[in-house]
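First the structure, in the form of structure tokens, and then the observations on it.
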Amino acid sequence: MSTLAVTDEVLVEFARQTVTNSPIAVEGNRTRWDVGGPLANGVQLLKAPTGVVEYQPAEMTVQVRAGTTVAELHKVLAEHGQRTSLPERGGTVGGAVAVGENHLEVLGRGSVRNAVLQVRYVAADGQLVTGGGPVVKNVSGFNLPKLIAGSLGVLGSIVEVVLRTNPIPAASRWLQATGVDPGAVRNAVLAPSAVLWDGDTTWVHLEGHLPDLDAETSVLGDLAGFEEVQGPPALPPHRWLVRPQDVSGFSADRFVASVGVGTIWADKPQPARPQDPAVAAVAQRAKALFDPTGRLNPGRSR
Amino acid sequence: MNLLGKAKDLLGRASASNDPLVDDLVDALGSDAVKVDAAHRALYAHDASVFDAGFAGPTCYPETTEQVVAIMAVAEKHGRAVVPRGAGTGLAGGAIPLGAPVIVALTKMNQIHDVDTVNRVAWVGPGVVNLDLTNHLRPFGFHFAPDPSSQQVCTIGGNVANNSGGPHCLAYGVTDAHVAAVEVVLIDGSVAMLGGLEDEPDGLDLRGAFVGSEGTLGIATKVAVRITKNPPAVTTLLLSFDSVADAANTVSEVIAAGVVPAAMEVMDQRITVAVENYVGAGYPRDAAAVLLAEVEGLEAGVALDAKKISEIGRANNATQVRVAATDEERALLWKGRKTAFGAIAQIAPDYYLHDTVVPRAKLAAVLEQVYEIADRHDVIVMNVFHAGDGNLHPLLLFDRTVEGTLERVHAAGAEIVRASLDAGGVLSGEHGVGVEKQPYMAEMFTDADLDHQNRLRQSFDPVCRANPGKVLPMGHSCADIQSLRQTPPGVWG
């Protein structure tokens, strides 16, 4: 066997468990269980391995098994003043990577897909596959981490990732004002980590060095009567993904939109959007090549 | 058959020829857009790398997506491969044509279609030059963050193909983080919009798979790049050290302290002296290593970060910490770094620029090995690298006219790659695999890993006609590299 083969006995044992006669799906904490459609009947559910394997703060990377919760991971990282771009919503690292849903403060934290430096997954035939590399910069070969992140587990069952970590800024604050143009707000400050807007009120999240935050707060004060608040507003249940330029024309009884990002939270689900047939053809070929018998997370699709 | 084998005019334009492939391309694009002369074939047979030239078929200069679609149809009819090409500045041989492919030169697709500063996106053609884009964005107060050393000539399409980096990618990320969507002509001639302006476009992240795929998945014809607001405050520091290890340790400790500068570049004494002789950037000639660090953002935070970097530098025995006092001084410090590769021409006529990444904590140890390896192979090595992200760029200097030199350079290079892998690093940080790192892919990945990379490739190009013979090693790639190196029988030439 090649010396490159994965030797972590926990991962090897998990890979063994996936080799069954039935289709399989990996179950995290079910915080986003309905994304991609209902799971088919007769699917064997498995739990991914857990634990932080290696954490080197000076490398700004962490190797973590997929079943670890994001909260547990972030607790370990916080001891060294770091975090990841994964959203904390009660779920697992593997679930967050498989779903690929970004943090509310994506402008400051970066996207989930960009956080995944290396991925280990169990292929449809039970083999352990590694894609990407363990360091912060890497263009060695085809980018399997990008293909797997956000794939809902239909190409392989994610068992471990190496994630990029980032320093937790020294200070942060949420500010709120009404009757101000949210686009002007975004442009008035250098790098807000979120600008939210509900058609009337605008919320801004600032992070960084305290004196910088004070300076930005003062700039915003020239635009409107901003006041500091505890946090973002309550978000309606359904996420819509639109182009940032379409946010200003959005209308609904109740919504919160992320300005400059394009994500909107509303009371109704977003209607399905037509798929580019050429893109669909590539995705179908990928699915057929990675899981020829359709045994991975059947029923789910992107 | 006429004596020339084909008819050409003095501009190299193809007219009626004996090659049905060329005739079909001329029919599709017009004779001005198809070049078949010896000068073009020679020019496009290689890129900026030190590797053996390939064999270029006809070169096409499309100006529209529809013309790229038409080229794909002609290539399919004739069973010919296609190789996209930007400025040809690649250092890993990714644009070297194998199998006498149709060369698709995208330099005429160089329009900046739209700049949206509110949503921070620009739609550009693949032939737009990297620095031209940043210059275009300057009046708006924005820039394109990836800044490879070749940015004065390299194209956005080439940056997408190689997932290019540059000094300022430490804080901002490499090209991948700055590409929202790519319009791609696939090998079957279909046009796919990969990604989108939404934060999480529907479906698999095929955009993410495409960026960095070195022309093997299709041809980018339009790119939506994310543009970055220019920061109001920038401070550049120059720190000098008596050892490369002290410089490397400073870099590690800065990151560990929670400071992520926009750039952290290290130059060893040999390259520093060469640069000083070349442009007089004001670098200290007596320092064993120079660290160039840049912090950007708002004024107060920049001052705090600069102070922290200075303190960490001094704690690691910095002999000098200098802060650029003026914009001119700052520009001069960067001019030195960015012209490093030009500066070495005074020492040797040829260079081979390597590119590997190691964990930051291993920088000092691996550099020591790099010097030892080069000495053992009797090759001059200089080091100038993106220290902040552990991206080494050992520069091997040589004169290829001296018999046996190139072999020694390649032997030293191979050992440097292996030393980086042994330290827990990777094959390439920003140059890509091309033909250069193919032989090492099996040292970083298992057969199963490579098999899955091949499946990714086949999802886009099941017929293996997009830039064949690259990235994946023999036995995994959908191309027989040996046979691609030969001129196919009956091929125009």
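To be explicit about the labels: the chains of the structure tokens are called A, B, and onward in the order shown, and within each one the residues are counted from 1, while ligands get numbers from 1 in the order they are shown.
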Please tabulate, as a tab-separated table, the residues of chain A that come within 7 Å of chain B, each with its closest pair of atoms and the distance in Å to one decimal, counting only C-alpha atoms and ordering rows by chain, then residue number upward.
```
residue	atom	partner	partner_atom	distance
A:Ser2	CA	B:Thr446	CA	6.9
A:Leu4	CA	B:Thr446	CA	6.0
A:Ala5	CA	B:Thr446	CA	6.5
A:Pro57	CA	B:Ala256	CA	6.0
A:Ala58	CA	B:Ala256	CA	4.2
A:Glu59	CA	B:Arg360	CA	6.1
A:Asn114	CA	B:Ala177	CA	6.9
A:Val129	CA	B:Asp449	CA	5.1
A:Thr130	CA	B:Asp449	CA	5.6
A:Gly131	CA	B:Asp449	CA	6.6
A:Gly133	CA	B:Val426	CA	6.5
A:Val135	CA	B:Pro359	CA	6.2
A:Val136	CA	B:Asp389	CA	6.4
A:Lys137	CA	B:Gly429	CA	5.2
A:Asn138	CA	B:Gly429	CA	4.3
A:Val139	CA	B:Gly429	CA	5.3
A:Ser140	CA	B:Ser428	CA	5.3
A:Gly141	CA	B:Val471	CA	6.1
A:Phe142	CA	B:Gln453	CA	5.5
A:Asn143	CA	B:Ala209	CA	5.3
A:Leu144	CA	B:Gln453	CA	6.7
A:Lys146	CA	B:Gly208	CA	5.3
A:Leu147	CA	B:Asp205	CA	5.6
A:Gly150	CA	B:Leu204	CA	6.5
A:Ser151	CA	B:Leu204	CA	5.6
A:Pro167	CA	B:Gly258	CA	5.1
A:Gly183	CA	B:Val118	CA	6.9
A:His209	CA	B:Gly301	CA	5.4
A:Pro211	CA	B:Ala300	CA	6.0
A:Asp212	CA	B:Ala300	CA	5.8
A:Leu241	CA	B:Glu198	CA	5.8
A:Val242	CA	B:Glu198	CA	5.1
A:Arg243	CA	B:Glu198	CA	4.5
A:Pro244	CA	B:Asn119	CA	6.2
A:Gln245	CA	B:Asn119	CA	6.6
A:Gly260	CA	B:Asn119	CA	5.3
A:Val261	CA	B:Asp199	CA	5.7
A:Gly262	CA	B:Glu198	CA	5.8
A:Thr263	CA	B:Asp199	CA	6.7
A:Asp276	CA	B:Ala192	CA	6.8
A:Ala278	CA	B:Ala192	CA	5.0
A:Val279	CA	B:Ala192	CA	5.4
A:Val282	CA	B:Ser459	CA	5.4
A:Ala283	CA	B:Leu204	CA	6.7
A:Arg285	CA	B:Ser459	CA	5.0
A:Ala286	CA	B:Ser459	CA	4.8
A:Leu289	CA	B:Arg455	CA	6.1
A:Phe290	CA	B:Arg455	CA	7.0
A:Arg302	CA	B:Gly203	CA	4.3
```
*Can you tell me, as JSON, numbers by chain, what residues are no more than 9 Å from Trp174 (chain A) when counting only C-alpha atoms, ignoring any on the same chain fewer than 6 positions away?*
{"A": [203, 204, 205, 206, 227, 228, 229, 230, 231, 232]}
*Excluding same-chain residues fewer than 3 positions from Asp27 (chain B), what lies within 10 Å of it counting only C-alpha atoms, as a ChimeraX atom specification?*
/B:15-16,21-24,30-31,34,70,74
*Identify all residues of region 153-399 of chain B in alpha helix (DSSP H) (DSSP on the backbone) and supply them as a PyMOL selection string.*
chain B and resi 156-162+169-172+206-210+244-256+269-279+299-315+327-338+340-343+363-376
*asked:* Could you check the closest approach to Ala348 (chain B) for each of B:Asp399, B:Glu63, B:Glu329, B:Asp242 and tell me which residue wins, using only C-alpha atoms?
replied: B:Asp399
*asked:* What's around Gly179 (chain A) at 8 Å? Count only C-alpha atoms, leave out sequence neighbours fewer than 5 positions away in its own chain, and write the answer as an MDAnalysis selection string.
replied: chainID A and resid 200:202 224
